[in-house]
$ cat final.tsv   # TSV, C-alpha atoms and all ligand atoms
chain	number	residue	atom	x	y	z
R	16	MET	CA	172.24	219.17	8.89
R	17	ILE	CA	174.20	221.71	10.95
R	18	GLU	CA	172.63	225.15	10.69
R	19	ASP	CA	175.62	227.06	12.11
R	20	PRO	CA	178.92	225.11	12.17
R	21	ASN	CA	180.26	227.28	15.01
R	22	CYS	CA	177.25	226.75	17.27
R	23	LEU	CA	177.42	224.24	20.15
R	24	PHE	CA	173.67	223.62	20.26
R	25	CYS	CA	173.40	223.21	16.47
R	26	LYS	CA	176.04	220.47	16.80
R	27	ILE	CA	174.15	218.87	19.69
R	28	ALA	CA	170.86	218.94	17.75
R	29	ALA	CA	172.64	217.32	14.79
R	30	GLY	CA	174.14	214.60	17.02
R	31	LYS	CA	177.71	215.76	16.33
R	32	ILE	CA	178.29	216.44	20.04
R	33	PRO	CA	176.85	213.92	22.51
R	34	SER	CA	173.95	214.84	24.78
R	35	GLU	CA	171.41	213.07	26.97
R	36	LYS	CA	168.39	213.27	24.71
R	37	VAL	CA	164.99	213.90	26.27
R	38	TYR	CA	162.94	214.44	23.10
R	39	GLU	CA	163.34	214.97	19.37
R	40	ASP	CA	161.13	215.69	16.40
R	41	ASP	CA	161.79	217.33	13.05
R	42	GLU	CA	161.86	220.86	14.51
R	43	ILE	CA	162.75	220.51	18.18
R	44	TYR	CA	165.43	218.80	20.28
R	45	ALA	CA	165.55	218.49	24.09
R	46	PHE	CA	168.45	217.31	26.22
R	47	LYS	CA	169.62	217.34	29.82
R	48	ASP	CA	171.59	220.35	31.01
R	49	ILE	CA	175.20	219.37	31.67
R	50	HIS	CA	175.25	221.44	34.91
R	51	PRO	CA	171.78	220.89	36.36
R	52	ALA	CA	170.50	223.61	38.71
R	53	ALA	CA	167.55	221.45	39.82
R	54	PRO	CA	166.79	217.70	40.10
R	55	VAL	CA	165.13	217.96	36.68
R	56	HIS	CA	166.86	220.36	34.29
R	57	PHE	CA	166.71	220.03	30.56
R	58	LEU	CA	166.92	222.40	27.59
R	59	LEU	CA	164.42	222.63	24.74
R	60	ILE	CA	165.86	224.04	21.53
R	61	PRO	CA	164.65	224.64	17.99
R	62	LYS	CA	166.76	222.76	15.45
R	63	LYS	CA	166.74	225.98	13.47
R	64	HIS	CA	169.56	228.30	14.56
R	65	ILE	CA	167.79	231.21	16.25
R	66	PRO	CA	170.52	232.97	18.29
R	67	MET	CA	168.30	234.71	20.87
R	68	LEU	CA	164.64	235.03	21.78
R	69	GLU	CA	164.77	238.57	20.38
R	70	SER	CA	165.95	237.14	17.03
R	71	ALA	CA	162.70	235.20	16.59
R	72	ASP	CA	160.14	236.69	14.24
R	73	ALA	CA	156.49	236.10	13.42
R	74	THR	CA	157.31	233.07	11.26
R	75	ASP	CA	158.69	231.40	14.41
R	76	ILE	CA	155.44	231.72	16.38
R	77	PRO	CA	154.23	228.13	15.67
R	78	LEU	CA	157.66	226.75	16.62
R	79	LEU	CA	157.79	228.75	19.87
R	80	GLY	CA	154.23	227.69	20.62
R	81	ARG	CA	155.13	224.06	20.13
R	82	MET	CA	158.10	224.43	22.49
R	83	MET	CA	155.86	225.96	25.16
R	84	GLU	CA	153.29	223.21	24.70
R	85	LEU	CA	155.95	220.51	24.96
R	86	ALA	CA	157.52	221.86	28.17
R	87	PRO	CA	154.87	220.56	30.64
R	88	ARG	CA	154.63	217.20	28.92
R	89	LEU	CA	158.39	216.62	28.93
R	90	ALA	CA	158.72	218.02	32.48
R	91	ASN	CA	156.16	215.46	33.61
R	92	GLU	CA	157.95	212.65	31.74
R	93	GLN	CA	161.20	213.68	33.42
R	94	GLY	CA	159.68	213.39	36.90
R	95	CYS	CA	158.05	216.75	37.66
R	96	ARG	CA	154.63	216.57	39.24
R	97	LEU	CA	152.02	218.58	37.39
R	98	GLY	CA	149.46	220.74	39.17
R	99	LYS	CA	149.61	223.58	41.67
R	100	ASP	CA	151.41	221.55	44.34
R	101	GLY	CA	154.09	220.38	41.95
R	102	GLY	CA	155.20	222.30	38.88
R	103	PHE	CA	158.37	223.38	37.18
R	104	ARG	CA	160.08	226.53	35.89
R	105	VAL	CA	160.52	227.59	32.27
R	106	MET	CA	163.25	230.18	31.66
R	107	VAL	CA	164.78	231.84	28.59
R	108	ASN	CA	167.92	233.93	29.07
R	109	ASN	CA	168.35	236.64	26.41
R	110	GLY	CA	171.66	238.45	26.01
R	111	ALA	CA	174.43	239.14	28.52
R	112	ASP	CA	172.19	241.04	30.92
R	113	GLY	CA	169.76	238.13	30.79
R	114	GLY	CA	172.52	235.64	31.63
R	115	GLN	CA	172.66	234.03	28.17
R	116	GLU	CA	175.88	232.08	27.60
R	117	VAL	CA	175.02	229.95	24.57
R	118	TYR	CA	173.75	231.92	21.58
R	119	HIS	CA	171.26	229.39	20.24
R	120	LEU	CA	167.78	229.97	21.66
R	121	HIS	CA	167.00	227.52	24.46
R	122	MET	CA	164.28	227.12	27.02
R	123	HIS	CA	165.43	225.87	30.42
R	124	VAL	CA	162.91	223.54	32.07
R	125	MET	CA	163.66	222.97	35.76
R	126	GLY	CA	161.80	221.10	38.44
R	127	GLY	CA	161.77	218.41	41.07
R	128	SER	CA	161.70	218.58	44.82
R	129	ARG	CA	163.19	221.67	46.50
R	130	PRO	CA	165.70	223.03	47.35
R	131	TRP	CA	167.33	223.85	44.01
R	132	LYS	CA	170.51	225.76	43.35
R	133	LYS	CA	168.60	228.63	41.70
R	201	LIG	P1	172.32	230.05	29.22
R	201	LIG	O1	173.09	230.69	30.34
R	201	LIG	O2	170.84	230.30	29.32
R	201	LIG	O3	172.90	230.38	27.87
R	201	LIG	O4	172.43	228.50	29.47
R	201	LIG	C1	173.31	227.66	28.82
R	201	LIG	C2	173.13	226.31	29.47
R	201	LIG	O5	173.70	225.33	28.62
R	201	LIG	C3	173.80	226.18	30.84
R	201	LIG	O6	172.83	225.83	31.82
R	201	LIG	C4	174.84	225.08	30.62
R	201	LIG	O7	174.98	224.23	31.74
R	201	LIG	C5	174.26	224.33	29.43
R	201	LIG	N1	175.25	223.64	28.60
R	201	LIG	C6	176.41	224.13	28.10
R	201	LIG	N2	177.05	223.20	27.38
R	201	LIG	C7	176.26	222.08	27.41
R	201	LIG	C8	176.37	220.78	26.84
R	201	LIG	N3	177.42	220.41	26.08
R	201	LIG	N4	175.39	219.88	27.09
R	201	LIG	C9	174.33	220.23	27.86
R	201	LIG	N5	174.17	221.44	28.41
R	201	LIG	C10	175.11	222.36	28.20
R	202	ZN	ZN	172.77	226.99	16.68

$ encode --input "final.tsv" --output "structure tokens"
Amino acid sequence: MIEDPNCLFCKIAAGKIPSEKVYEDDEIYAFKDIHPAAPVHFLLIPKKHIPMLESADATDIPLLGRMMELAPRLANEQGCRLGKDGGFRVMVNNGADGGQEVYHLHMHVMGGSRPWKK
């Protein structure tokens, strides 16, 4: 089901636009960023169309929590080393001043050996 027919990431989550899938369950979809800024760079999105982090409300807390809990596990599966000497970055851009370009909430997960572009 496409939540918002005009939304790129809703179409990706619904499989209407191709993506390199990293993970999927009934609420969450993860796929590789098309312009990676680091050796590992994927996006975690809710299947539900939440435009921005600031659009989320209290009913979304379990979903956001699940996304945060998934990030390290998927980062590790994608080749990031866990622990203090390894690690990864989790980033959410919110609005124009935050650098948001796609208005469907997404969590960037970036990692791998340095240097990165960002
Ligand atoms: P943001 O600036 O936080 O809105 O990030 C949007 C991200 O989506 C950018 O890093 C883009 O490279 C990525 N992106 C845009 N279109 C696609 C796509 N079709 N498949 C995968 N990643 C995409
Ligand atoms: Zn959407």

$ residues_around --input "final.tsv" --residues "range 73-85 of chain R" --least-positions-apart "5" --cutoff "8 Å" --atoms "only C-alpha atoms" --output "PyMOL selection string"
chain R and resi 42-43+59-61

$ closest_atom_pairs --input "final.tsv" --of "chain R" --to "ligand ZN 202 (chain R)" --cutoff "10 Å" --atoms "only C-alpha atoms and all ligand atoms" --output "JSON lines"
{"residue": "R:Ile17", "atom": "CA", "partner": "R:ZN202", "partner_atom": "ZN", "distance": 7.9}
{"residue": "R:Glu18", "atom": "CA", "partner": "R:ZN202", "partner_atom": "ZN", "distance": 6.3}
{"residue": "R:Asp19", "atom": "CA", "partner": "R:ZN202", "partner_atom": "ZN", "distance": 5.4}
{"residue": "R:Pro20", "atom": "CA", "partner": "R:ZN202", "partner_atom": "ZN", "distance": 7.9}
{"residue": "R:Asn21", "atom": "CA", "partner": "R:ZN202", "partner_atom": "ZN", "distance": 7.7}
{"residue": "R:Cys22", "atom": "CA", "partner": "R:ZN202", "partner_atom": "ZN", "distance": 4.5}
{"residue": "R:Leu23", "atom": "CA", "partner": "R:ZN202", "partner_atom": "ZN", "distance": 6.4}
{"residue": "R:Phe24", "atom": "CA", "partner": "R:ZN202", "partner_atom": "ZN", "distance": 5.0}
{"residue": "R:Cys25", "atom": "CA", "partner": "R:ZN202", "partner_atom": "ZN", "distance": 3.8}
{"residue": "R:Lys26", "atom": "CA", "partner": "R:ZN202", "partner_atom": "ZN", "distance": 7.3}
{"residue": "R:Ile27", "atom": "CA", "partner": "R:ZN202", "partner_atom": "ZN", "distance": 8.8}
{"residue": "R:Ala28", "atom": "CA", "partner": "R:ZN202", "partner_atom": "ZN", "distance": 8.3}
{"residue": "R:Ala29", "atom": "CA", "partner": "R:ZN202", "partner_atom": "ZN", "distance": 9.9}
{"residue": "R:Ile60", "atom": "CA", "partner": "R:ZN202", "partner_atom": "ZN", "distance": 8.9}
{"residue": "R:Pro61", "atom": "CA", "partner": "R:ZN202", "partner_atom": "ZN", "distance": 8.6}
{"residue": "R:Lys62", "atom": "CA", "partner": "R:ZN202", "partner_atom": "ZN", "distance": 7.5}
{"residue": "R:Lys63", "atom": "CA", "partner": "R:ZN202", "partner_atom": "ZN", "distance": 6.9}
{"residue": "R:His64", "atom": "CA", "partner": "R:ZN202", "partner_atom": "ZN", "distance": 4.1}
{"residue": "R:Ile65", "atom": "CA", "partner": "R:ZN202", "partner_atom": "ZN", "distance": 6.5}
{"residue": "R:Pro66", "atom": "CA", "partner": "R:ZN202", "partner_atom": "ZN", "distance": 6.6}
{"residue": "R:Met67", "atom": "CA", "partner": "R:ZN202", "partner_atom": "ZN", "distance": 9.9}
{"residue": "R:Val117", "atom": "CA", "partner": "R:ZN202", "partner_atom": "ZN", "distance": 8.7}
{"residue": "R:Tyr118", "atom": "CA", "partner": "R:ZN202", "partner_atom": "ZN", "distance": 7.0}
{"residue": "R:His119", "atom": "CA", "partner": "R:ZN202", "partner_atom": "ZN", "distance": 4.6}
{"residue": "R:Leu120", "atom": "CA", "partner": "R:ZN202", "partner_atom": "ZN", "distance": 7.7}
{"residue": "R:His121", "atom": "CA", "partner": "R:ZN202", "partner_atom": "ZN", "distance": 9.7}

$ residues_around --input "final.tsv" --residues "range 46-49 of chain R" --least-positions-apart "5" --cutoff "10 Å" --atoms "all atoms listed in the file" --output "PyMOL selection string"
chain R and resi 27-28+33-39+55-60+93+123-125

$ write_last_selection --input "final.tsv" --atoms "C-alpha atoms" --output "PDB file, in the frame of the given file"
ATOM      1  CA  ILE R  27     174.150 218.870  19.690  1.00  0.00           C
ATOM      2  CA  ALA R  28     170.860 218.940  17.750  1.00  0.00           C
ATOM      3  CA  PRO R  33     176.850 213.920  22.510  1.00  0.00           C
ATOM      4  CA  SER R  34     173.950 214.840  24.780  1.00  0.00           C
ATOM      5  CA  GLU R  35     171.410 213.070  26.970  1.00  0.00           C
ATOM      6  CA  LYS R  36     168.390 213.270  24.710  1.00  0.00           C
ATOM      7  CA  VAL R  37     164.990 213.900  26.270  1.00  0.00           C
ATOM      8  CA  TYR R  38     162.940 214.440  23.100  1.00  0.00           C
ATOM      9  CA  GLU R  39     163.340 214.970  19.370  1.00  0.00           C
ATOM     10  CA  VAL R  55     165.130 217.960  36.680  1.00  0.00           C
ATOM     11  CA  HIS R  56     166.860 220.360  34.290  1.00  0.00           C
ATOM     12  CA  PHE R  57     166.710 220.030  30.560  1.00  0.00           C
ATOM     13  CA  LEU R  58     166.920 222.400  27.590  1.00  0.00           C
ATOM     14  CA  LEU R  59     164.420 222.630  24.740  1.00  0.00           C
ATOM     15  CA  ILE R  60     165.860 224.040  21.530  1.00  0.00           C
ATOM     16  CA  GLN R  93     161.200 213.680  33.420  1.00  0.00           C
ATOM     17  CA  HIS R 123     165.430 225.870  30.420  1.00  0.00           C
ATOM     18  CA  VAL R 124     162.910 223.540  32.070  1.00  0.00           C
ATOM     19  CA  MET R 125     163.660 222.970  35.760  1.00  0.00           C
TER      20      MET R 125
END

$ axis_aligned_box --input "final.tsv" --around "range 50-68 of chain R" --padding-each-side "5 Å" --output "lines of an AutoDock Vina configuration file"
center_x = 169.8
center_y = 226.4
center_z = 26.8
size_x = 20.8
size_y = 27.3
size_z = 36.6

$ closest_residue --input "final.tsv" --among "R:Pro87, R:Pro130, R:Gly98, R:Gly113" --to "ligand LIG 201 (chain R)" --atoms "only C-alpha atoms and all ligand atoms"
R:Gly113

$ atom_distance --input "final.tsv" --atom1 "atom N5 of ligand LIG 201 (chain R)" --atom2 "CA of Lys99 in chain R"
28.0 Å

$ atom_distance --input "final.tsv" --atom1 "CA of Ala111 in chain R" --atom2 "atom O5 of ligand LIG 201 (chain R)"
13.8 Å

$ residues_around --input "final.tsv" --residues "Pro54 in chain R" --least-positions-apart "5" --cutoff "8 Å" --atoms "only C-alpha atoms" --output "ChimeraX atom specification"
/R:125-128,131

$ atom_distance --input "final.tsv" --atom1 "CA of Leu89 in chain R" --atom2 "CA of Asp112 in chain R"
28.1 Å

$ closest_residue --input "final.tsv" --among "R:Gly102, R:His50, R:Asn109, R:Ile32" --to "ligand LIG 201 (chain R)" --atoms "only C-alpha atoms and all ligand atoms"
R:His50

$ closest_residue --input "final.tsv" --among "R:Leu68, R:Pro51, R:Arg88, R:Gly30" --to "ligand LIG 201 (chain R)" --atoms "all atoms listed in the file"
R:Pro51

$ closest_residue --input "final.tsv" --among "R:Lys31, R:Asp40, R:Asn91, R:Arg129" --to "Ala53 in chain R" --atoms "all atoms listed in the file"
R:Arg129

$ closest_residue --input "final.tsv" --among "R:Gln115, R:Met122, R:Glu92, R:Asp72" --to "ligand LIG 201 (chain R)" --atoms "only C-alpha atoms and all ligand atoms"
R:Gln115

$ closest_residue --input "final.tsv" --among "R:Ala90, R:Gly101, R:Lys133, R:Ala52" --to "ligand LIG 201 (chain R)" --atoms "only C-alpha atoms and all ligand atoms"
R:Ala52

$ build_atoms --input "final.tsv" --residues "range 57-83 of chain R" --atoms "N, CA, C and O atoms" --output "mmCIF file, in the frame of the given file"
data_model
loop_
_atom_site.group_PDB
_atom_site.id
_atom_site.type_symbol
_atom_site.label_atom_id
_atom_site.label_comp_id
_atom_site.auth_asym_id
_atom_site.auth_seq_id
_atom_site.Cartn_x
_atom_site.Cartn_y
_atom_site.Cartn_z
ATOM 1 N N PHE R 57 166.391 220.313 31.955
ATOM 2 C CA PHE R 57 166.710 220.030 30.560
ATOM 3 C C PHE R 57 166.473 221.282 29.724
ATOM 4 O O PHE R 57 165.883 222.263 30.199
ATOM 5 N N LEU R 58 167.007 221.257 28.499
ATOM 6 C CA LEU R 58 166.920 222.400 27.590
ATOM 7 C C LEU R 58 166.127 221.984 26.361
ATOM 8 O O LEU R 58 166.330 220.879 25.833
ATOM 9 N N LEU R 59 165.216 222.844 25.960
ATOM 10 C CA LEU R 59 164.420 222.630 24.740
ATOM 11 C C LEU R 59 164.932 223.615 23.704
ATOM 12 O O LEU R 59 164.954 224.825 23.976
ATOM 13 N N ILE R 60 165.330 223.131 22.558
ATOM 14 C CA ILE R 60 165.860 224.040 21.530
ATOM 15 C C ILE R 60 165.165 223.787 20.186
ATOM 16 O O ILE R 60 164.790 222.651 19.883
ATOM 17 N N PRO R 61 165.054 224.854 19.384
ATOM 18 C CA PRO R 61 164.650 224.640 17.990
ATOM 19 C C PRO R 61 165.856 224.084 17.236
ATOM 20 O O PRO R 61 166.993 224.461 17.540
ATOM 21 N N LYS R 62 165.636 223.218 16.282
ATOM 22 C CA LYS R 62 166.760 222.760 15.450
ATOM 23 C C LYS R 62 167.283 223.908 14.583
ATOM 24 O O LYS R 62 168.467 223.986 14.286
ATOM 25 N N LYS R 63 166.364 224.777 14.219
ATOM 26 C CA LYS R 63 166.740 225.980 13.470
ATOM 27 C C LYS R 63 167.613 226.874 14.348
ATOM 28 O O LYS R 63 167.321 227.053 15.532
ATOM 29 N N HIS R 64 168.680 227.429 13.776
ATOM 30 C CA HIS R 64 169.560 228.300 14.560
ATOM 31 C C HIS R 64 168.943 229.682 14.712
ATOM 32 O O HIS R 64 169.057 230.528 13.829
ATOM 33 N N ILE R 65 168.289 229.883 15.857
ATOM 34 C CA ILE R 65 167.790 231.210 16.250
ATOM 35 C C ILE R 65 168.689 231.631 17.410
ATOM 36 O O ILE R 65 168.703 230.966 18.443
ATOM 37 N N PRO R 66 169.522 232.675 17.253
ATOM 38 C CA PRO R 66 170.520 232.970 18.290
ATOM 39 C C PRO R 66 169.916 233.349 19.647
ATOM 40 O O PRO R 66 170.416 232.941 20.687
ATOM 41 N N MET R 67 168.860 234.176 19.610
ATOM 42 C CA MET R 67 168.300 234.710 20.870
ATOM 43 C C MET R 67 166.791 234.762 20.728
ATOM 44 O O MET R 67 166.270 234.760 19.611
ATOM 45 N N LEU R 68 166.096 234.881 21.852
ATOM 46 C CA LEU R 68 164.640 235.030 21.780
ATOM 47 C C LEU R 68 164.292 236.264 20.950
ATOM 48 O O LEU R 68 163.367 236.243 20.143
ATOM 49 N N GLU R 69 165.077 237.326 21.115
ATOM 50 C CA GLU R 69 164.770 238.570 20.380
ATOM 51 C C GLU R 69 165.034 238.436 18.885
ATOM 52 O O GLU R 69 164.619 239.302 18.126
ATOM 53 N N SER R 70 165.725 237.366 18.465
ATOM 54 C CA SER R 70 165.950 237.140 17.030
ATOM 55 C C SER R 70 164.748 236.465 16.367
ATOM 56 O O SER R 70 164.680 236.398 15.143
ATOM 57 N N ALA R 71 163.864 235.895 17.167
ATOM 58 C CA ALA R 71 162.700 235.200 16.590
ATOM 59 C C ALA R 71 161.770 236.216 15.942
ATOM 60 O O ALA R 71 161.684 237.366 16.383
ATOM 61 N N ASP R 72 161.108 235.789 14.874
ATOM 62 C CA ASP R 72 160.140 236.690 14.240
ATOM 63 C C ASP R 72 158.795 235.972 14.122
ATOM 64 O O ASP R 72 158.635 234.851 14.602
ATOM 65 N N ALA R 73 157.863 236.626 13.455
ATOM 66 C CA ALA R 73 156.490 236.100 13.420
ATOM 67 C C ALA R 73 156.425 234.711 12.791
ATOM 68 O O ALA R 73 155.554 233.909 13.156
ATOM 69 N N THR R 74 157.347 234.401 11.888
ATOM 70 C CA THR R 74 157.310 233.070 11.260
ATOM 71 C C THR R 74 157.687 231.973 12.267
ATOM 72 O O THR R 74 157.442 230.802 12.031
ATOM 73 N N ASP R 75 158.282 232.376 13.390
ATOM 74 C CA ASP R 75 158.690 231.400 14.410
ATOM 75 C C ASP R 75 157.597 231.142 15.455
ATOM 76 O O ASP R 75 157.788 230.313 16.353
ATOM 77 N N ILE R 76 156.476 231.846 15.353
ATOM 78 C CA ILE R 76 155.440 231.720 16.380
ATOM 79 C C ILE R 76 154.951 230.264 16.545
ATOM 80 O O ILE R 76 154.881 229.769 17.677
ATOM 81 N N PRO R 77 154.672 229.523 15.461
ATOM 82 C CA PRO R 77 154.230 228.130 15.670
ATOM 83 C C PRO R 77 155.300 227.281 16.363
ATOM 84 O O PRO R 77 154.973 226.468 17.233
ATOM 85 N N LEU R 78 156.559 227.494 16.007
ATOM 86 C CA LEU R 78 157.660 226.750 16.620
ATOM 87 C C LEU R 78 157.760 227.070 18.112
ATOM 88 O O LEU R 78 157.860 226.166 18.960
ATOM 89 N N LEU R 79 157.710 228.351 18.459
ATOM 90 C CA LEU R 79 157.790 228.750 19.870
ATOM 91 C C LEU R 79 156.588 228.218 20.634
ATOM 92 O O LEU R 79 156.722 227.779 21.784
ATOM 93 N N GLY R 80 155.445 228.233 19.987
ATOM 94 C CA GLY R 80 154.230 227.690 20.620
ATOM 95 C C GLY R 80 154.370 226.206 20.886
ATOM 96 O O GLY R 80 153.990 225.718 21.955
ATOM 97 N N ARG R 81 154.937 225.498 19.950
ATOM 98 C CA ARG R 81 155.130 224.060 20.130
ATOM 99 C C ARG R 81 156.103 223.794 21.280
ATOM 100 O O ARG R 81 155.930 222.851 22.050
ATOM 101 N N MET R 82 157.142 224.606 21.386
ATOM 102 C CA MET R 82 158.100 224.430 22.490
ATOM 103 C C MET R 82 157.399 224.655 23.834
ATOM 104 O O MET R 82 157.601 223.880 24.782
ATOM 105 N N MET R 83 156.582 225.688 23.914
ATOM 106 C CA MET R 83 155.860 225.960 25.160
ATOM 107 C C MET R 83 154.901 224.834 25.503
ATOM 108 O O MET R 83 154.745 224.461 26.668
#
